[in-house]
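Novice: The file below is start33.cif, mmCIF, C-alpha atoms:
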```
data_query
loop_
_atom_site.label_atom_id
_atom_site.label_comp_id
_atom_site.auth_asym_id
_atom_site.auth_seq_id
_atom_site.Cartn_x
_atom_site.Cartn_y
_atom_site.Cartn_z
CA MET A 10 -28.86 168.56 -2.19
CA ASN A 11 -25.19 169.01 -1.33
CA ASN A 12 -23.90 171.66 -3.76
CA MET A 13 -20.23 170.83 -3.26
CA ASN A 14 -18.65 170.38 -6.70
CA LYS A 15 -22.04 170.80 -8.39
CA ARG A 16 -22.22 173.10 -11.39
CA MET A 17 -24.84 175.76 -11.94
CA GLU A 18 -26.61 173.72 -14.63
CA THR A 19 -27.30 171.10 -11.93
CA ILE A 20 -28.00 173.53 -9.09
CA VAL A 21 -30.76 175.38 -10.97
CA ILE A 22 -32.66 172.12 -11.30
CA HIS A 23 -32.05 170.37 -7.98
CA HIS A 24 -31.12 172.85 -5.23
CA GLY A 25 -33.56 173.48 -2.40
CA TYR A 26 -36.16 170.85 -3.24
CA ASP A 27 -36.60 167.25 -2.16
CA ALA A 28 -39.53 165.44 -3.80
CA LYS A 29 -39.63 162.97 -0.91
CA GLN A 30 -40.73 165.76 1.41
CA HIS A 31 -43.68 166.59 -0.86
CA LEU A 32 -45.39 163.24 -1.51
CA GLY A 33 -43.00 162.47 -4.37
CA SER A 34 -44.09 165.43 -6.50
CA LEU A 35 -41.34 166.05 -9.06
CA SER A 36 -42.49 169.65 -9.49
CA ALA A 37 -42.50 171.94 -6.46
CA PRO A 38 -46.03 172.43 -5.10
CA ILE A 39 -47.75 175.81 -5.10
CA PHE A 40 -48.79 176.75 -1.57
CA GLN A 41 -51.66 178.94 -2.77
CA THR A 42 -52.77 180.20 0.61
CA SER A 43 -52.99 183.60 2.24
CA THR A 44 -52.62 182.37 5.82
CA PHE A 45 -51.48 179.39 7.91
CA THR A 46 -53.16 177.78 10.91
CA PHE A 47 -51.65 177.27 14.36
CA ASP A 48 -52.06 174.15 16.48
CA THR A 49 -52.54 176.25 19.59
CA ALA A 50 -52.82 179.89 20.65
CA GLU A 51 -49.44 179.50 22.32
CA GLN A 52 -47.88 178.38 19.05
CA GLY A 53 -49.27 181.47 17.35
CA GLU A 54 -47.80 183.63 20.10
CA ALA A 55 -44.40 181.92 19.75
CA ARG A 56 -44.29 182.41 16.00
CA PHE A 57 -45.23 186.08 16.18
CA ALA A 58 -42.59 186.55 18.89
CA GLY A 59 -39.97 184.89 16.67
CA GLN A 60 -39.42 182.14 19.20
CA GLU A 61 -40.59 179.35 16.87
CA ASP A 62 -40.01 178.82 13.17
CA GLY A 63 -43.05 178.37 10.98
CA TYR A 64 -45.37 180.14 8.61
CA ILE A 65 -47.89 182.77 9.66
CA TYR A 66 -49.15 184.72 6.65
CA SER A 67 -48.00 184.69 3.02
CA ARG A 68 -47.04 188.37 3.05
CA LEU A 69 -44.44 187.43 5.65
CA ALA A 70 -43.30 184.10 4.17
CA ASN A 71 -44.62 181.29 2.00
CA PRO A 72 -43.12 177.82 1.31
CA THR A 73 -43.15 178.17 -2.49
CA VAL A 74 -41.66 181.64 -2.31
CA ARG A 75 -39.08 180.40 0.19
CA MET A 76 -37.94 177.68 -2.24
CA LEU A 77 -37.30 180.38 -4.85
CA GLU A 78 -35.45 182.59 -2.38
CA GLU A 79 -33.18 179.74 -1.28
CA LYS A 80 -32.38 178.83 -4.87
CA MET A 81 -31.60 182.44 -5.85
CA ALA A 82 -29.36 182.91 -2.81
CA CYS A 83 -27.43 179.79 -3.83
CA LEU A 84 -27.12 180.86 -7.47
CA GLU A 85 -25.81 184.33 -6.57
CA GLY A 86 -23.53 183.01 -3.83
CA GLY A 87 -25.36 184.96 -1.12
CA GLU A 88 -26.49 184.03 2.37
CA ALA A 89 -30.17 184.86 1.85
CA ALA A 90 -32.61 186.22 -0.71
CA LEU A 91 -35.99 187.94 -0.77
CA ALA A 92 -38.59 187.75 -3.54
CA PHE A 93 -40.71 190.75 -4.50
CA SER A 94 -43.70 191.51 -6.72
CA SER A 95 -41.51 193.39 -9.25
CA GLY A 96 -37.94 194.41 -9.89
CA MET A 97 -38.74 197.94 -8.76
CA ALA A 98 -40.29 196.60 -5.55
CA ALA A 99 -36.92 194.94 -4.86
CA VAL A 100 -34.93 198.09 -5.71
CA SER A 101 -37.25 200.29 -3.65
CA ALA A 102 -37.20 198.00 -0.62
CA VAL A 103 -33.41 197.80 -0.62
CA LEU A 104 -32.79 201.53 -1.06
CA LEU A 105 -35.41 202.49 1.51
CA ALA A 106 -33.91 200.04 3.99
CA LEU A 107 -30.39 201.39 3.46
CA THR A 108 -31.20 205.10 3.67
CA LYS A 109 -32.74 207.65 6.00
CA ALA A 110 -33.47 211.36 5.59
CA ASN A 111 -30.45 213.41 4.41
CA ASP A 112 -28.40 210.39 3.33
CA HIS A 113 -26.60 210.27 -0.02
CA ILE A 114 -26.39 207.70 -2.84
CA ILE A 115 -23.78 207.50 -5.61
CA CYS A 116 -25.25 205.95 -8.75
CA SER A 117 -23.76 204.73 -12.01
CA GLN A 118 -24.15 207.15 -14.93
CA GLY A 119 -27.16 205.56 -16.55
CA VAL A 120 -29.88 203.50 -14.92
CA TYR A 121 -33.30 202.13 -15.72
CA GLY A 122 -35.85 204.94 -16.08
CA CYS A 123 -37.94 203.87 -13.08
CA THR A 124 -34.83 203.65 -10.89
CA PHE A 125 -34.11 207.22 -11.95
CA GLY A 126 -37.68 208.12 -10.99
CA LEU A 127 -37.29 206.46 -7.59
CA LEU A 128 -34.10 208.42 -6.90
CA GLN A 129 -35.90 211.65 -7.79
CA MET A 130 -38.75 210.72 -5.42
CA LEU A 131 -36.34 209.94 -2.59
CA LYS A 132 -34.69 213.32 -3.10
CA LYS A 133 -37.94 215.29 -3.24
CA LYS A 134 -39.86 213.58 -0.44
CA TYR A 135 -37.18 212.36 1.95
CA HIS A 136 -34.10 214.51 1.17
CA VAL A 137 -32.05 211.48 0.17
CA SER A 138 -29.73 213.01 -2.40
CA HIS A 139 -27.82 211.29 -5.20
CA ASP A 140 -25.04 211.92 -7.68
CA PHE A 141 -24.46 210.14 -10.95
CA CYS A 142 -20.94 208.97 -11.67
CA ALA A 143 -19.29 207.42 -14.74
CA MET A 144 -17.31 205.19 -12.34
CA GLU A 145 -14.42 204.86 -14.74
CA THR A 146 -11.79 205.54 -12.06
CA GLU A 147 -11.52 205.31 -8.29
CA GLU A 148 -10.90 209.04 -8.10
CA GLU A 149 -14.23 209.83 -9.77
CA ILE A 150 -16.00 207.91 -7.02
CA ARG A 151 -13.90 209.31 -4.19
CA ARG A 152 -14.66 212.90 -5.23
CA LEU A 153 -18.38 212.30 -4.75
CA ILE A 154 -18.20 210.55 -1.37
CA ARG A 155 -19.59 212.57 1.55
CA PRO A 156 -19.91 211.74 5.25
CA GLU A 157 -23.58 210.96 4.58
CA THR A 158 -22.92 208.62 1.62
CA VAL A 159 -24.39 205.23 2.52
CA CYS A 160 -24.81 203.43 -0.79
CA ILE A 161 -23.21 203.03 -4.21
CA TYR A 162 -25.79 201.77 -6.68
CA VAL A 163 -24.50 200.16 -9.88
CA GLU A 164 -26.00 198.82 -13.06
CA THR A 165 -23.61 196.77 -15.14
CA PRO A 166 -24.17 196.41 -18.00
CA ILE A 167 -25.95 199.76 -17.82
CA ASN A 168 -29.46 199.96 -19.26
CA PRO A 169 -29.60 200.68 -22.19
CA THR A 170 -26.10 201.70 -23.28
CA MET A 171 -24.42 198.40 -22.25
CA LYS A 172 -21.54 200.30 -20.62
CA LEU A 173 -19.71 198.19 -18.03
CA ILE A 174 -18.61 199.15 -14.52
CA ASP A 175 -15.58 197.50 -12.90
CA LEU A 176 -17.15 195.97 -9.80
CA GLN A 177 -13.85 195.19 -8.09
CA MET A 178 -12.77 198.83 -8.47
CA VAL A 179 -16.04 200.09 -6.97
CA VAL A 180 -15.79 197.66 -4.05
CA ASN A 181 -12.19 198.69 -3.34
CA VAL A 182 -13.33 202.28 -2.78
CA ALA A 183 -16.57 201.44 -0.99
CA LYS A 184 -14.90 199.19 1.59
CA GLU A 185 -12.53 201.99 2.62
CA TYR A 186 -15.51 204.11 3.64
CA GLY A 187 -17.89 201.40 4.85
CA ILE A 188 -20.35 202.08 2.04
CA THR A 189 -22.83 199.43 0.88
CA VAL A 190 -22.61 198.41 -2.80
CA VAL A 191 -25.84 197.41 -4.54
CA VAL A 192 -25.71 195.93 -8.06
CA ASP A 193 -28.57 195.47 -10.50
CA ASN A 194 -27.64 192.16 -12.14
CA THR A 195 -30.78 191.88 -14.31
CA PHE A 196 -29.01 191.96 -17.68
CA CYS A 197 -26.65 189.11 -16.79
CA SER A 198 -28.45 186.77 -14.39
CA PRO A 199 -26.19 184.80 -12.02
CA TYR A 200 -25.24 182.56 -14.93
CA LEU A 201 -23.15 185.31 -16.53
CA GLN A 202 -22.10 187.48 -13.59
CA ARG A 203 -22.00 187.12 -9.80
CA PRO A 204 -21.34 190.52 -8.18
CA LEU A 205 -21.19 189.17 -4.62
CA GLU A 206 -18.02 187.29 -5.56
CA PHE A 207 -16.33 190.67 -6.07
CA GLY A 208 -17.33 191.89 -2.62
CA CYS A 209 -20.57 193.68 -3.50
CA ASP A 210 -23.16 193.63 -0.72
CA VAL A 211 -26.53 193.28 -2.43
CA VAL A 212 -27.67 192.02 -5.82
CA VAL A 213 -31.09 192.96 -7.21
CA HIS A 214 -32.91 191.54 -10.22
CA SER A 215 -35.95 192.22 -12.23
CA ALA A 216 -36.76 188.51 -12.22
CA THR A 217 -39.34 189.31 -14.89
CA LYS A 218 -36.48 189.10 -17.36
CA TYR A 219 -33.96 186.24 -17.63
CA ILE A 220 -34.85 184.55 -14.34
CA GLY A 221 -38.42 183.91 -15.54
CA GLY A 222 -37.47 183.92 -19.19
CA HIS A 223 -40.92 183.51 -20.73
CA GLY A 224 -42.56 186.93 -20.47
CA ASP A 225 -45.38 185.69 -18.22
CA VAL A 226 -44.49 186.95 -14.75
CA ILE A 227 -43.54 190.22 -13.01
CA ALA A 228 -41.12 189.73 -10.11
CA GLY A 229 -38.02 190.98 -8.31
CA ILE A 230 -35.22 189.46 -6.24
CA ALA A 231 -32.70 190.81 -3.73
CA VAL A 232 -29.74 188.73 -2.47
CA GLY A 233 -27.19 189.54 0.23
CA LYS A 234 -26.04 188.90 3.78
CA LYS A 235 -28.58 187.14 5.99
CA GLU A 236 -28.64 189.94 8.57
CA LEU A 237 -29.44 192.62 5.98
CA MET A 238 -32.04 190.48 4.20
CA GLU A 239 -33.75 189.77 7.52
CA GLU A 240 -33.82 193.49 8.29
CA ILE A 241 -35.38 194.26 4.90
CA ALA A 242 -37.89 191.44 5.36
CA LYS A 243 -38.99 192.85 8.74
CA THR A 244 -39.26 196.45 7.51
CA THR A 245 -39.61 197.62 3.93
CA GLN A 246 -40.79 194.30 2.53
CA LYS A 247 -43.28 193.50 5.28
CA ASP A 248 -44.64 196.98 5.85
CA ILE A 249 -44.78 198.23 2.25
CA GLY A 250 -45.91 194.80 1.11
CA GLY A 251 -44.45 194.32 -2.36
CA VAL A 252 -44.27 190.55 -1.93
CA LEU A 253 -44.34 187.85 -4.59
CA SER A 254 -47.33 185.54 -4.96
CA PRO A 255 -46.86 181.75 -4.63
CA PHE A 256 -47.94 181.12 -8.22
CA ASP A 257 -45.47 183.68 -9.60
CA ALA A 258 -42.73 182.13 -7.46
CA TRP A 259 -43.59 178.76 -9.00
CA LEU A 260 -43.30 180.24 -12.51
CA LEU A 261 -39.83 181.51 -11.66
CA LEU A 262 -38.79 178.15 -10.22
CA ARG A 263 -39.88 176.57 -13.47
CA GLY A 264 -38.07 179.17 -15.56
CA LEU A 265 -34.84 178.84 -13.57
CA LYS A 266 -34.46 175.20 -14.57
CA THR A 267 -33.62 176.23 -18.13
CA LEU A 268 -31.64 179.39 -17.29
CA PRO A 269 -28.19 178.12 -18.41
CA VAL A 270 -29.56 176.63 -21.63
CA ARG A 271 -31.47 179.81 -22.45
CA MET A 272 -28.60 182.14 -21.60
CA ASP A 273 -26.17 180.28 -23.81
CA ARG A 274 -28.61 180.45 -26.73
CA HIS A 275 -29.25 184.16 -26.11
CA CYS A 276 -25.49 184.73 -26.17
CA ASP A 277 -24.91 182.60 -29.27
CA ASN A 278 -27.58 184.51 -31.18
CA ALA A 279 -26.44 187.92 -29.95
CA GLU A 280 -22.85 187.28 -31.03
CA LYS A 281 -24.01 186.47 -34.57
CA ILE A 282 -26.18 189.60 -34.74
CA VAL A 283 -23.40 191.85 -33.42
CA GLU A 284 -21.03 190.65 -36.16
CA ARG A 285 -23.50 191.73 -38.83
CA LEU A 286 -24.69 194.98 -37.26
CA LYS A 287 -21.09 196.18 -36.97
CA THR A 288 -20.57 196.04 -40.72
CA HIS A 289 -23.95 197.41 -41.82
CA PRO A 290 -23.66 200.82 -43.55
CA LEU A 291 -26.72 202.24 -41.78
CA VAL A 292 -25.53 201.39 -38.26
CA GLU A 293 -23.40 204.07 -36.60
CA ARG A 294 -22.10 202.03 -33.67
CA VAL A 295 -22.80 198.83 -31.74
CA CYS A 296 -22.38 198.28 -28.00
CA TYR A 297 -21.99 194.70 -26.76
CA PRO A 298 -19.86 193.61 -23.77
CA ALA A 299 -18.20 190.61 -25.46
CA ASP A 300 -17.16 192.56 -28.57
CA PRO A 301 -13.33 192.83 -28.54
CA ASP A 302 -13.70 196.30 -30.10
CA ASN A 303 -15.77 197.49 -27.14
CA ARG A 304 -13.81 199.91 -24.92
CA ASP A 305 -15.07 198.02 -21.84
CA TYR A 306 -13.90 194.65 -23.12
CA PRO A 307 -11.17 194.32 -20.42
CA ILE A 308 -13.88 194.71 -17.73
CA TYR A 309 -16.00 192.11 -19.49
CA GLN A 310 -13.11 189.66 -19.39
CA LYS A 311 -12.73 190.14 -15.62
CA GLN A 312 -16.31 189.78 -14.45
CA MET A 313 -18.63 188.27 -17.07
CA LYS A 314 -18.83 184.72 -18.40
CA ARG A 315 -20.36 185.73 -21.76
CA GLY A 316 -21.79 188.88 -23.33
CA GLY A 317 -25.50 188.30 -22.73
CA GLY A 318 -28.51 188.76 -24.97
CA LEU A 319 -28.74 192.58 -24.97
CA ILE A 320 -27.33 194.75 -27.74
CA SER A 321 -27.59 198.50 -28.15
CA PHE A 322 -26.86 200.21 -31.43
CA GLU A 323 -27.33 203.57 -33.08
CA ILE A 324 -29.01 204.06 -36.43
CA LYS A 325 -27.44 206.61 -38.77
CA GLY A 326 -29.83 209.50 -39.21
CA THR A 327 -32.42 210.90 -36.83
CA LYS A 328 -34.84 209.83 -34.13
CA ARG A 329 -37.50 209.55 -36.83
CA ASP A 330 -35.25 207.19 -38.83
CA ALA A 331 -34.86 205.00 -35.75
CA GLN A 332 -38.64 204.85 -35.34
CA ARG A 333 -39.14 204.10 -39.04
CA PHE A 334 -36.71 201.21 -38.66
CA LEU A 335 -38.73 199.80 -35.73
CA ASN A 336 -41.98 200.16 -37.65
CA HIS A 337 -40.67 198.05 -40.54
CA LEU A 338 -39.82 195.02 -38.40
CA GLN A 339 -42.02 191.99 -38.94
CA LEU A 340 -40.75 189.14 -36.76
CA ILE A 341 -39.20 191.19 -33.96
CA GLN A 342 -41.72 192.66 -31.52
CA ILE A 343 -41.62 196.27 -30.30
CA ALA A 344 -41.80 195.88 -26.51
CA VAL A 345 -39.93 197.25 -23.51
CA SER A 346 -39.04 194.07 -21.65
CA LEU A 347 -36.09 191.75 -22.26
CA GLY A 348 -34.91 188.22 -21.61
CA ASP A 349 -37.94 186.57 -23.21
CA THR A 350 -37.88 183.72 -25.72
CA GLU A 351 -39.05 186.26 -28.31
CA THR A 352 -36.70 188.89 -29.71
CA LEU A 353 -37.83 192.32 -28.48
CA ILE A 354 -36.76 195.80 -29.49
CA GLN A 355 -37.41 199.27 -28.14
CA HIS A 356 -36.47 202.96 -28.40
CA PRO A 357 -35.12 203.98 -24.97
CA ALA A 358 -35.32 207.77 -25.39
CA THR A 359 -39.09 207.65 -25.89
CA MET A 360 -39.92 204.48 -23.96
CA THR A 361 -38.00 203.03 -20.96
CA HIS A 362 -36.04 206.25 -20.31
CA SER A 363 -38.61 208.83 -21.37
CA VAL A 364 -38.98 209.90 -17.71
CA VAL A 365 -35.33 211.01 -17.71
CA PRO A 366 -34.91 214.69 -18.75
CA GLU A 367 -33.27 215.06 -22.16
CA GLU A 368 -30.14 216.69 -20.73
CA GLU A 369 -29.62 213.74 -18.38
CA ARG A 370 -30.36 211.24 -21.16
CA ILE A 371 -27.64 212.74 -23.32
CA LYS A 372 -25.16 212.49 -20.43
CA MET A 373 -26.14 208.83 -20.09
CA GLY A 374 -25.41 208.27 -23.79
CA ILE A 375 -29.06 207.79 -24.78
CA SER A 376 -29.56 209.53 -28.11
CA GLY A 377 -32.67 209.63 -30.27
CA GLN A 378 -31.01 207.13 -32.61
CA LEU A 379 -30.22 204.55 -29.92
CA ILE A 380 -31.99 201.17 -30.15
CA ARG A 381 -32.01 198.40 -27.52
CA LEU A 382 -32.35 194.87 -28.85
CA SER A 383 -33.11 191.87 -26.63
CA VAL A 384 -32.09 188.89 -28.74
CA GLY A 385 -34.41 185.93 -28.29
CA LEU A 386 -34.20 182.21 -28.89
CA GLU A 387 -35.38 182.08 -32.50
CA ALA A 388 -33.01 181.02 -35.29
CA TRP A 389 -30.45 183.81 -35.48
CA GLU A 390 -30.73 183.84 -39.26
CA ASP A 391 -34.40 184.79 -39.03
CA ILE A 392 -33.66 187.51 -36.51
CA TRP A 393 -30.99 188.94 -38.80
CA ASP A 394 -33.18 188.72 -41.90
CA ASP A 395 -35.78 190.87 -40.16
CA LEU A 396 -33.25 193.43 -38.96
CA GLU A 397 -31.66 193.60 -42.40
CA GLN A 398 -34.92 194.13 -44.27
CA ALA A 399 -35.98 196.87 -41.82
CA LEU A 400 -32.63 198.61 -42.20
CA SER A 401 -32.86 198.33 -45.99
CA SER A 402 -36.27 199.99 -45.89
CA LEU A 403 -34.57 203.21 -44.74
CA GLY A 404 -32.71 203.52 -48.01
CA VAL A 405 -29.68 205.83 -48.06
CA ILE A 406 -29.59 208.27 -45.14
#
```
Output the structure of this file as structure tokens.
Specialist:
Amino acid sequence: MNNMNKRMETIVIHHGYDAKQHLGSLSAPIFQTSTFTFDTAEQGEARFAGQEDGYIYSRLANPTVRMLEEKMACLEGGEAALAFSSGMAAVSAVLLALTKANDHIICSQGVYGCTFGLLQMLKKKYHVSHDFCAMETEEEIRRLIRPETVCIYVETPINPTMKLIDLQMVVNVAKEYGITVVVDNTFCSPYLQRPLEFGCDVVVHSATKYIGGHGDVIAGIAVGKKELMEEIAKTTQKDIGGVLSPFDAWLLLRGLKTLPVRMDRHCDNAEKIVERLKTHPLVERVCYPADPDNRDYPIYQKQMKRGGGLISFEIKGTKRDAQRFLNHLQLIQIAVSLGDTETLIQHPATMTHSVVPEEERIKMGISGQLIRLSVGLEAWEDIWDDLEQALSSLGVI
């Protein structure tokens, strides 16, 4: 399909698939095979030598997975994409491909707990060092740049505090020094934010979240320049092997068709919940990108379409009060994922970010009272009724 003048709502449904090429099947077929046959020994030789296009083995490439990769590259505005067996497989493959022993990474102040764990592993085993940076000004970033700095890794919004990083500012600095910028775009999906448009080099996703949208698949995506994606495909993806299965790729292709519809509903619901949390006497503060009272609101206006479905807020009281609040919820499920049709809630300090030492957690803004809420697709009134009754159960703190 020619994407010229086509909007994302159309692209997510039609791009990269022609039913006429697949016996008229409206739904993309699942090529559930581990390997592919060759017509001749010479053809096999040519494919392994890279002299002939074609499939060899599903760890290297698969038609269903390729459809997903082409669609994600289009949605993010990149030249090429790679699909992985998890979000962390994507993050790991990208960072391992970009670094070598004694290199240095600058990272946003606050990242997913397993990304933090990966950075610690790279430092301990391979002497790839890192520094965390608030990235509020260009000077903060410049002060941390060394001759061996090869990558700036950014989450925005940051998990779980919802702090925003100005991508254009980061790119302005990085380009001066020839440093690669990698952005975790999981919380937004390409429907709400497209980092490559600001000059970032690589986008990664936990496709488990909004890309899939139904809580039934674990997957990751990386998008960037064709040359870099090909290099990653030939090295850290192929040799470490964290590839996506054809069936999981098919689930993501199915989920992507409703991405714009789902994201708008997530945003609609989240906006209603934010309004009410902000005025509740037992809520200390609320962090949501599209809230005009948010200190990062000017950044939101520059680089995001809407605020997304994630809200973080602090309960007045103690860590135990926050846990009591979670335990009184009835409709909302306590779970550590996000982007599902169901509303999910979790306690970052003891769950997703428990691997982060307490001193580092505090620097990241993750207190014992902080809650992360992934607003689902239910009626917003029912979501609020459940939050309100759980808050009321705490009494006066």
Novice: Give as a list in words the set of residues within 6 Å of the point (-28.2, 192.2, -7.3), where distances use the file's coordinates and all atoms listed in the file.
Specialist: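 It turns out the residues near that spot are Val192, Asp193, Asn194, Val211, Val212, Val213, His214 and Ala231 of chain A.
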Novice: Using the selection just defined, write its residues with C-alpha atoms as a short mmCIF file (atom, residue, chain, number, x, y, z; two decimals), keeping the file's coordinate frame.
Specialist:
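Contents of part15.cif, as written:
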```
data_model
loop_
_atom_site.label_atom_id
_atom_site.label_comp_id
_atom_site.auth_asym_id
_atom_site.auth_seq_id
_atom_site.Cartn_x
_atom_site.Cartn_y
_atom_site.Cartn_z
CA VAL A 192 -25.71 195.93 -8.06
CA ASP A 193 -28.57 195.47 -10.50
CA ASN A 194 -27.64 192.16 -12.14
CA VAL A 211 -26.53 193.28 -2.43
CA VAL A 212 -27.67 192.02 -5.82
CA VAL A 213 -31.09 192.96 -7.21
CA HIS A 214 -32.91 191.54 -10.22
CA ALA A 231 -32.70 190.81 -3.73
#
```
Novice: Have a look at A:Ser43, A:Thr170, A:Ser198, A:Asn303 and name the one nearest to Thr217 in chain A; count all atoms listed in the file.
Specialist: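 With all atoms listed in the file as the atom set, the closest residue is A:Ser198.
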Novice: Apply the PyMOL selection byres ((chain A and resi 150-160) around 6) to the structure shown and report the selected residues as a list in words.
Specialist: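 Output from the PyMOL selection byres ((chain A and resi 150-160) around 6), applied to this file: Asp112, His113, Ile114, Glu147, Glu148, Glu149, Ile161, Ile188, Thr189 and Val190 of chain A.
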Novice: Would you kindly return, as a list in words, each protein, DNA or RNA residue with an atom no farther than 12 Å from any atom of Ala388 in chain A, considering all atoms listed in the file and excluding same-chain residues fewer than 2 positions away?
Specialist: Arg274, His275, Asp277, Asn278, Ala279, Lys281, Ile282, Leu340, Ile341, Thr350, Glu351, Thr352, Val384, Gly385, Leu386, Glu390, Asp391, Ile392, Trp393, Asp394 and Asp395 of chain A
Novice: Assuming the chain letters and numbering stay as they are in my file, what does the PyMOL selection byres ((chain A and resi 364) around 10) actually select? List them as an mmCIF file with C-alpha atoms, in the frame of the given file.
Specialist:
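File produced: expr01.cif:
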```
data_model
loop_
_atom_site.group_PDB
_atom_site.id
_atom_site.type_symbol
_atom_site.label_atom_id
_atom_site.label_comp_id
_atom_site.auth_asym_id
_atom_site.auth_seq_id
_atom_site.Cartn_x
_atom_site.Cartn_y
_atom_site.Cartn_z
ATOM 1 C CA TYR A 121 -33.300 202.130 -15.720
ATOM 2 C CA GLY A 122 -35.850 204.940 -16.080
ATOM 3 C CA CYS A 123 -37.940 203.870 -13.080
ATOM 4 C CA PHE A 125 -34.110 207.220 -11.950
ATOM 5 C CA GLY A 126 -37.680 208.120 -10.990
ATOM 6 C CA ALA A 358 -35.320 207.770 -25.390
ATOM 7 C CA THR A 359 -39.090 207.650 -25.890
ATOM 8 C CA MET A 360 -39.920 204.480 -23.960
ATOM 9 C CA THR A 361 -38.000 203.030 -20.960
ATOM 10 C CA HIS A 362 -36.040 206.250 -20.310
ATOM 11 C CA SER A 363 -38.610 208.830 -21.370
ATOM 12 C CA VAL A 365 -35.330 211.010 -17.710
ATOM 13 C CA PRO A 366 -34.910 214.690 -18.750
ATOM 14 C CA GLU A 367 -33.270 215.060 -22.160
ATOM 15 C CA ARG A 370 -30.360 211.240 -21.160
#
```
